[in-house]
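Participant: Here's a structure for you.
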Amino acid sequence: MTWIWSNLDLIWDRTIDHLVLSVPSIFLSFVIALPFGWLAHRYRTSRAVILTTVGVLYAIPSLPLFIVLPFIVGTSIRSPLNLIIALTLYGVALMVRVVADGLGSVDRDVQQSATAVGFSGWTSFWQVELPLAGPVLLAGLRVVAVSTVSLATVGAVIGAQNLGSLFTDGFQRGIQAEIIAGIVATVLLALALDAVLVLLGRLLMPWTRRSASGARTRRDAVVAGVAT
């Protein structure tokens with residue numbers, strides 16, 4: 001405990017470094033996964049190709065990817081950009097299937113109602129399908145957030161500063177308190193980001209807090225909004 005109290009500034013700095021790596025990666029994962037997930041949902045011929053590709057991508061071990069990626073994109077191996085790109089790729093690999101399944105869970109009657117009143121494909125996507133698929137997307141994004149926070153710690157092995165640095169430094173110097181501090185801080189950060197996403201979900205999708213009957217009422221309201 002003495003080491004922890006004496007190094008709160010260090011723990012805070014590493015936490016900020018971890019956030020700088022994680023938050024952009026989570027956001028970019030969601031944004032990039034949307035069009036690929038939509039393609040996988042919309043066109044059956046592309047679904048198998050896209051989902052197989054992202055599945056193979058996620059199977060690549062993180063440390064080799066962190067090392068090889070700089071030779072492809074031209075960054076230094078310790079660059080935060082290198083880790084953000086790699087973490088984004090892993091996030092996209094997870095989110096694409098979630099987006100495809102989320103859009104597939106939207107009631108077909110709602111989609112047909114939107115089409116019947118003249119909504120174009122893109123308008124229907126943004127105003128009808130995406131909001132109704134929101135709970136599924138949020139659940140997937142929460143998984144991506146926790147996974148990203150966890151994977152980011154591996155970057156410490158190649159010298160990128162983050163909470164994982166407390167693991168490596170603690171092992172090298174034999175300071176158990178530093179290792180424990182890194183583990184606890186990583187878990188707390190993952191829980192904090194998860195809580196933020198849940199809060200955002202409740203703010204952006206208040207209908208998800210209602211009962212099943214309330215959810216059906218929301219669906220009917222969306223259809224009515226389309227009709228007007």
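Each chain of the structure tokens is named A, B, ... in the order shown, its residues numbered from 1; ligands are numbered from 1 in display order.
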Ile4 of chain A: which residues within 8 Å, counting only C-alpha atoms, same-chain residues fewer than 3 positions away excluded, as a ChimeraX atom specification?
Facilitator: /A:1,7-8,177-178,181
Participant: Please, could you write that set of residues out with N, CA and C atoms as an mmCIF file, in the first residue's frame?
Facilitator:
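Here's the written file out.cif:
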```cif
data_model
loop_
_atom_site.group_PDB
_atom_site.id
_atom_site.type_symbol
_atom_site.label_atom_id
_atom_site.label_comp_id
_atom_site.auth_asym_id
_atom_site.auth_seq_id
_atom_site.Cartn_x
_atom_site.Cartn_y
_atom_site.Cartn_z
ATOM 1 N N MET A 1 0.810 -1.208 0.000
ATOM 2 C CA MET A 1 0.000 0.000 0.000
ATOM 3 C C MET A 1 0.844 1.259 0.000
ATOM 4 N N ASN A 7 2.785 6.647 -5.289
ATOM 5 C CA ASN A 7 2.861 6.718 -6.749
ATOM 6 C C ASN A 7 1.494 6.932 -7.396
ATOM 7 N N LEU A 8 0.608 7.625 -6.704
ATOM 8 C CA LEU A 8 -0.710 7.897 -7.263
ATOM 9 C C LEU A 8 -0.621 8.716 -8.548
ATOM 10 N N ALA A 177 3.087 -4.652 -5.189
ATOM 11 C CA ALA A 177 2.051 -3.621 -5.081
ATOM 12 C C ALA A 177 1.830 -2.919 -6.415
ATOM 13 N N GLU A 178 2.892 -2.743 -7.188
ATOM 14 C CA GLU A 178 2.758 -2.092 -8.488
ATOM 15 C C GLU A 178 1.962 -2.974 -9.448
ATOM 16 N N ALA A 181 -1.635 -2.829 -8.387
ATOM 17 C CA ALA A 181 -2.205 -1.525 -8.750
ATOM 18 C C ALA A 181 -2.573 -1.488 -10.224
#
```
Participant: Residues at most 10 Å from segment 24-29 of chain A, counting only C-alpha atoms, excluding those fewer than 4 positions away in the same chain, as number ranges by chain?
Facilitator: A: 19-20, 33-34, 81, 83-96, 141-142, 144-149, 152
Participant: Interatomic distance between atom CA of Asp109 of chain A and atom CA of Leu132 of chain A?
Facilitator: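 Distance between the two atoms: 12.4 Å.
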Participant: Tell me which of A:Val98, A:Leu200, A:Val157, A:Ala59 sits closest to Val143 of chain A, counting only C-alpha atoms.
Facilitator: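 When distances to Val143 of chain A are compared using only C-alpha atoms, the smallest one comes from A:Val98.
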Participant: So that I can check the surroundings of Gly37 of chain A, please list as a PDB file with N, CA, C and O atoms, in the first residue's frame every protein, DNA and RNA residue that reaches within 7 Å of it, counting only C-alpha atoms and ignoring chain neighbours fewer than 6 positions away.
Facilitator:
```pdb
ATOM      1  N   VAL A  96     -18.476  -5.983 -36.239  1.00  0.00           N
ATOM      2  CA  VAL A  96     -19.121  -6.219 -37.533  1.00  0.00           C
ATOM      3  C   VAL A  96     -20.241  -7.241 -37.410  1.00  0.00           C
ATOM      4  O   VAL A  96     -21.356  -7.042 -37.907  1.00  0.00           O
ATOM      5  N   ARG A  97     -19.972  -8.349 -36.776  1.00  0.00           N
ATOM      6  CA  ARG A  97     -21.007  -9.374 -36.601  1.00  0.00           C
ATOM      7  C   ARG A  97     -22.148  -8.838 -35.735  1.00  0.00           C
ATOM      8  O   ARG A  97     -23.322  -9.132 -35.988  1.00  0.00           O
ATOM      9  N   VAL A  99     -23.186  -5.744 -35.495  1.00  0.00           N
ATOM     10  CA  VAL A  99     -23.993  -4.841 -36.321  1.00  0.00           C
ATOM     11  C   VAL A  99     -24.897  -5.633 -37.256  1.00  0.00           C
ATOM     12  O   VAL A  99     -26.096  -5.333 -37.391  1.00  0.00           O
ATOM     13  N   ALA A 100     -24.335  -6.642 -37.898  1.00  0.00           N
ATOM     14  CA  ALA A 100     -25.128  -7.467 -38.819  1.00  0.00           C
ATOM     15  C   ALA A 100     -26.281  -8.151 -38.092  1.00  0.00           C
ATOM     16  O   ALA A 100     -27.429  -8.147 -38.564  1.00  0.00           O
TER      17      ALA A 100
END
```
Participant: Could you give me, as a PyMOL selection string, each residue of segment 65-95 of chain A that DSSP assigns to alpha helix (DSSP H) when run on this structure's backbone?
Facilitator: chain A and resi 65-73+80-95
Participant: For segment 21-117 of chain A versus segment 158-168 of chain A, which residues have an atom no more than 8 Å away, and what is each residue's nearest atom pair and distance in Å rounded to one decimal, using only C-alpha atoms, chain-then-number order, as a Markdown table?
Facilitator:
```
| residue | atom | partner | partner_atom | distance |
| --- | --- | --- | --- | --- |
| A:Phe66 | CA | A:Ile158 | CA | 8.0 |
| A:Ile67 | CA | A:Ile158 | CA | 7.8 |
| A:Ile77 | CA | A:Ile158 | CA | 7.2 |
| A:Arg78 | CA | A:Ala160 | CA | 5.1 |
| A:Ser79 | CA | A:Ala160 | CA | 7.0 |
| A:Pro80 | CA | A:Ala160 | CA | 6.8 |
```
Participant: Output N, CA, C and O atoms of each residue in that selection to a file, as a CSV table (one decimal), in the first residue's frame.
Facilitator:
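Okay, result38.csv is ready:
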```csv
chain,number,residue,atom,x,y,z
A,66,PHE,N,1.0,-6.0,-33.1
A,66,PHE,CA,1.6,-4.8,-32.7
A,66,PHE,C,3.0,-4.6,-33.3
A,66,PHE,O,3.4,-3.5,-33.5
A,67,ILE,N,3.7,-5.7,-33.5
A,67,ILE,CA,5.1,-5.6,-34.0
A,67,ILE,C,5.2,-5.5,-35.5
A,67,ILE,O,6.0,-4.7,-36.0
A,77,ILE,N,7.2,1.5,-33.6
A,77,ILE,CA,6.6,0.3,-32.9
A,77,ILE,C,6.0,0.8,-31.6
A,77,ILE,O,5.0,0.2,-31.1
A,78,ARG,N,6.6,1.9,-31.0
A,78,ARG,CA,6.1,2.4,-29.7
A,78,ARG,C,5.1,3.5,-29.9
A,78,ARG,O,4.6,4.0,-28.9
A,79,SER,N,4.7,3.8,-31.1
A,79,SER,CA,3.8,4.9,-31.3
A,79,SER,C,2.4,4.6,-30.8
A,79,SER,O,1.9,3.5,-31.1
A,80,PRO,N,1.7,5.5,-30.1
A,80,PRO,CA,0.3,5.3,-29.7
A,80,PRO,C,-0.6,5.0,-30.9
A,80,PRO,O,-1.5,4.2,-30.8
```
Participant: Of the candidates A:Pro135, A:Thr123, A:Trp5, A:Asp17, which shows the shortest atom-to-atom distance to Arg202 of chain A, using only C-alpha atoms?
Facilitator: A:Pro135
